[in-house]
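Let me begin by presenting the structure, written as structure tokens, before commenting on it.
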Amino acid sequence: QVQLVESGGGLVQPGGSLRLSCVASGSRFSLADMGWYRQAPGKERELVASITSDTITRYADSVKGRFTISRDNAKNTVYLEMNSLIPEDTAVYSCTRKEYWGTEYWGQGTQVTVSS
């Protein structure tokens with residue numbers, strides 16, 4: 001069973017930065033597509049960023065130029081570097097792993113709060 005463990009969330013002031021990490025168990029990590037979603041209270045979950053096994057990245061319009069997704073296959077880890085944070089970025093951020101045959105796994109999430 002694949003498990004995903006996120007870390008790096010917390011409270012940060014507007015304009016600040018955070019780096020989220022997600023460590024995935026299981027083999028063949030390099031073949032999986034990885035992603036970060038977020039869900040704010042009262043809002044639908046949205047895809048923030050994704051990175052394929054070929055390191056092709058995609059971002060939500062709301063975070064382009066501020067967030068960067070990357071992966072380290074040797075460490076089975078995907079990262080989300082978040083800069084110039086704004087209060088609207090406040091949400092629970094969850095990591096996903098999608099296997100090439102379609103199965104998708106989710107982490108439990110980490111809270112990010114942007115507030116002065």
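By order in the structure tokens, chains are A, B, ...; within a chain, residues start at 1; ligands start at 1, following the order shown.
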
10 Å contact set for Ala32 in chain A, only C-alpha atoms, chain neighbours under 4 positions out, as a PDB file with all heavy atoms, in the first residue's frame:
```pdb
ATOM      1  N   SER A  27       7.452   1.411  -4.642  1.00  0.00           N
ATOM      2  CA  SER A  27       8.470   1.402  -5.687  1.00  0.00           C
ATOM      3  C   SER A  27       7.973   2.156  -6.922  1.00  0.00           C
ATOM      4  O   SER A  27       6.827   2.578  -6.990  1.00  0.00           O
ATOM      5  CB  SER A  27       8.813  -0.037  -6.055  1.00  0.00           C
ATOM      6  OG  SER A  27       7.648  -0.706  -6.511  1.00  0.00           O
ATOM      7  N   ARG A  28       8.858   2.301  -7.887  1.00  0.00           N
ATOM      8  CA  ARG A  28       8.523   2.913  -9.176  1.00  0.00           C
ATOM      9  C   ARG A  28       8.058   4.354  -9.035  1.00  0.00           C
ATOM     10  O   ARG A  28       7.233   4.820  -9.816  1.00  0.00           O
ATOM     11  CB  ARG A  28       7.479   2.105  -9.933  1.00  0.00           C
ATOM     12  CG  ARG A  28       7.835   0.645 -10.120  1.00  0.00           C
ATOM     13  CD  ARG A  28       6.734  -0.094 -10.852  1.00  0.00           C
ATOM     14  NE  ARG A  28       6.924  -1.537 -10.800  1.00  0.00           N
ATOM     15  CZ  ARG A  28       6.077  -2.408 -11.272  1.00  0.00           C
ATOM     16  NH1 ARG A  28       4.963  -2.011 -11.842  1.00  0.00           N
ATOM     17  NH2 ARG A  28       6.309  -3.699 -11.195  1.00  0.00           N
ATOM     18  N   ILE A  51       3.410  17.428 -11.654  1.00  0.00           N
ATOM     19  CA  ILE A  51       4.645  17.130 -12.373  1.00  0.00           C
ATOM     20  C   ILE A  51       4.577  15.681 -12.833  1.00  0.00           C
ATOM     21  O   ILE A  51       4.299  14.778 -12.038  1.00  0.00           O
ATOM     22  CB  ILE A  51       5.887  17.403 -11.492  1.00  0.00           C
ATOM     23  CG1 ILE A  51       7.173  17.173 -12.279  1.00  0.00           C
ATOM     24  CG2 ILE A  51       5.865  16.601 -10.195  1.00  0.00           C
ATOM     25  CD1 ILE A  51       8.415  17.739 -11.582  1.00  0.00           C
ATOM     26  N   THR A  52       4.815  15.461 -14.102  1.00  0.00           N
ATOM     27  CA  THR A  52       4.733  14.112 -14.641  1.00  0.00           C
ATOM     28  C   THR A  52       6.033  13.360 -14.404  1.00  0.00           C
ATOM     29  O   THR A  52       7.038  13.919 -13.938  1.00  0.00           O
ATOM     30  CB  THR A  52       4.437  14.142 -16.138  1.00  0.00           C
ATOM     31  OG1 THR A  52       5.604  14.651 -16.814  1.00  0.00           O
ATOM     32  CG2 THR A  52       3.237  15.004 -16.466  1.00  0.00           C
ATOM     33  N   SER A  53       6.022  12.083 -14.787  1.00  0.00           N
ATOM     34  CA  SER A  53       7.241  11.284 -14.685  1.00  0.00           C
ATOM     35  C   SER A  53       8.331  11.833 -15.597  1.00  0.00           C
ATOM     36  O   SER A  53       9.517  11.618 -15.349  1.00  0.00           O
ATOM     37  CB  SER A  53       6.936   9.826 -15.034  1.00  0.00           C
ATOM     38  OG  SER A  53       6.383   9.738 -16.330  1.00  0.00           O
ATOM     39  N   ASP A  54       7.920  12.561 -16.631  1.00  0.00           N
ATOM     40  CA  ASP A  54       8.885  13.195 -17.539  1.00  0.00           C
ATOM     41  C   ASP A  54       9.224  14.620 -17.119  1.00  0.00           C
ATOM     42  O   ASP A  54       9.792  15.381 -17.911  1.00  0.00           O
ATOM     43  CB  ASP A  54       8.318  13.218 -18.967  1.00  0.00           C
ATOM     44  CG  ASP A  54       8.124  11.835 -19.537  1.00  0.00           C
ATOM     45  OD1 ASP A  54       8.914  10.944 -19.171  1.00  0.00           O
ATOM     46  OD2 ASP A  54       7.186  11.638 -20.333  1.00  0.00           O
ATOM     47  N   ASN A  73      13.570  11.885  -7.429  1.00  0.00           N
ATOM     48  CA  ASN A  73      13.230  10.464  -7.514  1.00  0.00           C
ATOM     49  C   ASN A  73      14.103   9.597  -6.606  1.00  0.00           C
ATOM     50  O   ASN A  73      13.671   8.538  -6.153  1.00  0.00           O
ATOM     51  CB  ASN A  73      13.332   9.983  -8.958  1.00  0.00           C
ATOM     52  CG  ASN A  73      12.237  10.580  -9.834  1.00  0.00           C
ATOM     53  OD1 ASN A  73      11.178  10.972  -9.349  1.00  0.00           O
ATOM     54  ND2 ASN A  73      12.512  10.668 -11.135  1.00  0.00           N
ATOM     55  N   THR A  96      -0.608  14.051  -4.120  1.00  0.00           N
ATOM     56  CA  THR A  96      -1.168  12.876  -4.788  1.00  0.00           C
ATOM     57  C   THR A  96      -0.102  12.169  -5.605  1.00  0.00           C
ATOM     58  O   THR A  96       0.842  12.786  -6.100  1.00  0.00           O
ATOM     59  CB  THR A  96      -2.328  13.243  -5.722  1.00  0.00           C
ATOM     60  OG1 THR A  96      -1.817  13.988  -6.833  1.00  0.00           O
ATOM     61  CG2 THR A  96      -3.383  14.052  -5.014  1.00  0.00           C
ATOM     62  N   ARG A  97      -0.280  10.881  -5.728  1.00  0.00           N
ATOM     63  CA  ARG A  97       0.579  10.057  -6.581  1.00  0.00           C
ATOM     64  C   ARG A  97      -0.316   9.269  -7.506  1.00  0.00           C
ATOM     65  O   ARG A  97      -1.191   8.538  -7.045  1.00  0.00           O
ATOM     66  CB  ARG A  97       1.429   9.119  -5.731  1.00  0.00           C
ATOM     67  CG  ARG A  97       2.148   8.035  -6.534  1.00  0.00           C
ATOM     68  CD  ARG A  97       3.075   7.204  -5.679  1.00  0.00           C
ATOM     69  NE  ARG A  97       3.572   6.050  -6.440  1.00  0.00           N
ATOM     70  CZ  ARG A  97       4.635   5.343  -6.091  1.00  0.00           C
ATOM     71  NH1 ARG A  97       5.313   5.628  -5.002  1.00  0.00           N
ATOM     72  NH2 ARG A  97       5.006   4.310  -6.825  1.00  0.00           N
ATOM     73  N   LYS A  98      -0.123   9.413  -8.809  1.00  0.00           N
ATOM     74  CA  LYS A  98      -0.927   8.698  -9.794  1.00  0.00           C
ATOM     75  C   LYS A  98      -0.024   7.765 -10.581  1.00  0.00           C
ATOM     76  O   LYS A  98       0.908   8.195 -11.262  1.00  0.00           O
ATOM     77  CB  LYS A  98      -1.642   9.665 -10.738  1.00  0.00           C
ATOM     78  CG  LYS A  98      -2.627   8.977 -11.662  1.00  0.00           C
ATOM     79  CD  LYS A  98      -3.434   9.991 -12.437  1.00  0.00           C
ATOM     80  CE  LYS A  98      -4.477   9.302 -13.303  1.00  0.00           C
ATOM     81  NZ  LYS A  98      -5.297  10.283 -14.053  1.00  0.00           N
ATOM     82  N   GLU A  99      -0.332   6.468 -10.482  1.00  0.00           N
ATOM     83  CA  GLU A  99       0.456   5.468 -11.193  1.00  0.00           C
ATOM     84  C   GLU A  99       0.125   5.480 -12.686  1.00  0.00           C
ATOM     85  O   GLU A  99      -0.959   5.922 -13.082  1.00  0.00           O
ATOM     86  CB  GLU A  99       0.175   4.079 -10.615  1.00  0.00           C
ATOM     87  CG  GLU A  99       0.281   3.988  -9.101  1.00  0.00           C
ATOM     88  CD  GLU A  99       1.683   4.196  -8.568  1.00  0.00           C
ATOM     89  OE1 GLU A  99       2.634   4.340  -9.362  1.00  0.00           O
ATOM     90  OE2 GLU A  99       1.850   4.216  -7.335  1.00  0.00           O
ATOM     91  N   TYR A 100       1.014   4.936 -13.468  1.00  0.00           N
ATOM     92  CA  TYR A 100       0.792   4.979 -14.915  1.00  0.00           C
ATOM     93  C   TYR A 100      -0.395   4.126 -15.342  1.00  0.00           C
ATOM     94  O   TYR A 100      -0.937   4.305 -16.434  1.00  0.00           O
ATOM     95  CB  TYR A 100       2.055   4.578 -15.684  1.00  0.00           C
ATOM     96  CG  TYR A 100       2.542   3.166 -15.446  1.00  0.00           C
ATOM     97  CD1 TYR A 100       2.052   2.100 -16.198  1.00  0.00           C
ATOM     98  CD2 TYR A 100       3.506   2.894 -14.480  1.00  0.00           C
ATOM     99  CE1 TYR A 100       2.497   0.814 -15.994  1.00  0.00           C
ATOM    100  CE2 TYR A 100       3.961   1.605 -14.268  1.00  0.00           C
ATOM    101  CZ  TYR A 100       3.456   0.569 -15.019  1.00  0.00           C
ATOM    102  OH  TYR A 100       3.902  -0.715 -14.807  1.00  0.00           O
ATOM    103  N   TRP A 101      -0.820   3.193 -14.470  1.00  0.00           N
ATOM    104  CA  TRP A 101      -2.003   2.386 -14.805  1.00  0.00           C
ATOM    105  C   TRP A 101      -3.292   2.999 -14.276  1.00  0.00           C
ATOM    106  O   TRP A 101      -4.372   2.415 -14.436  1.00  0.00           O
ATOM    107  CB  TRP A 101      -1.844   0.960 -14.298  1.00  0.00           C
ATOM    108  CG  TRP A 101      -1.644   0.838 -12.832  1.00  0.00           C
ATOM    109  CD1 TRP A 101      -2.610   0.780 -11.864  1.00  0.00           C
ATOM    110  CD2 TRP A 101      -0.396   0.749 -12.139  1.00  0.00           C
ATOM    111  NE1 TRP A 101      -2.030   0.656 -10.618  1.00  0.00           N
ATOM    112  CE2 TRP A 101      -0.675   0.623 -10.750  1.00  0.00           C
ATOM    113  CE3 TRP A 101       0.940   0.740 -12.553  1.00  0.00           C
ATOM    114  CZ2 TRP A 101       0.335   0.511  -9.789  1.00  0.00           C
ATOM    115  CZ3 TRP A 101       1.940   0.624 -11.590  1.00  0.00           C
ATOM    116  CH2 TRP A 101       1.630   0.520 -10.229  1.00  0.00           C
ATOM    117  N   GLY A 102      -3.198   4.167 -13.631  1.00  0.00           N
ATOM    118  CA  GLY A 102      -4.387   4.896 -13.252  1.00  0.00           C
ATOM    119  C   GLY A 102      -4.693   5.030 -11.783  1.00  0.00           C
ATOM    120  O   GLY A 102      -5.405   5.960 -11.384  1.00  0.00           O
ATOM    121  N   THR A 103      -4.195   4.135 -10.946  1.00  0.00           N
ATOM    122  CA  THR A 103      -4.481   4.222  -9.515  1.00  0.00           C
ATOM    123  C   THR A 103      -3.889   5.500  -8.930  1.00  0.00           C
ATOM    124  O   THR A 103      -2.758   5.861  -9.242  1.00  0.00           O
ATOM    125  CB  THR A 103      -3.899   3.011  -8.779  1.00  0.00           C
ATOM    126  OG1 THR A 103      -4.458   1.822  -9.333  1.00  0.00           O
ATOM    127  CG2 THR A 103      -4.234   3.077  -7.289  1.00  0.00           C
ATOM    128  N   GLU A 104      -4.663   6.157  -8.081  1.00  0.00           N
ATOM    129  CA  GLU A 104      -4.218   7.407  -7.473  1.00  0.00           C
ATOM    130  C   GLU A 104      -4.284   7.305  -5.955  1.00  0.00           C
ATOM    131  O   GLU A 104      -5.244   6.781  -5.398  1.00  0.00           O
ATOM    132  CB  GLU A 104      -5.078   8.580  -7.951  1.00  0.00           C
ATOM    133  CG  GLU A 104      -4.517   9.952  -7.588  1.00  0.00           C
ATOM    134  CD  GLU A 104      -5.196  11.073  -8.366  1.00  0.00           C
ATOM    135  OE1 GLU A 104      -6.320  10.868  -8.836  1.00  0.00           O
ATOM    136  OE2 GLU A 104      -4.589  12.147  -8.492  1.00  0.00           O
TER     137      GLU A 104
END
```

Which polymer residues have any atom within 6 Å of an atom of Val92 in chain A, counting only C-alpha atoms, with same-chain residues fewer than 3 positions away left out, as a PyMOL selection string?
chain A and resi 38-39+109-111

Worksheet entry | Counting only C-alpha atoms, the residue of A:Glu81, A:Gly9, A:Lys43, A:Leu4 that sits nearest Ser25 in chain A |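 When distances to Ser25 in chain A are compared using only C-alpha atoms, the smallest one comes from A:Leu4.
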
Which residue is closest to Ala24 in chain A? Choose from A:Ile69, A:Ala40, A:Ala74, A:Ile56 and count only C-alpha atoms.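 For Ala24 in chain A, the nearest of the given residues is A:Ala74.
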
- Looking only at the backbone, which of the residues in range 22-114 of chain A does DSSP tag as helix (DSSP H, G or I), as a ChimeraX atom specification? /A:29-31,73-75,87-89

From the list A:Gly26, A:Pro14, A:Pro87, A:Gly35, the nearest residue to Val48 in chain A using only C-alpha atoms is A:Gly35

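We find CA of Glu6 in chain A and CA of Ser50 in chain A to be spaced 15.1 Å apart.
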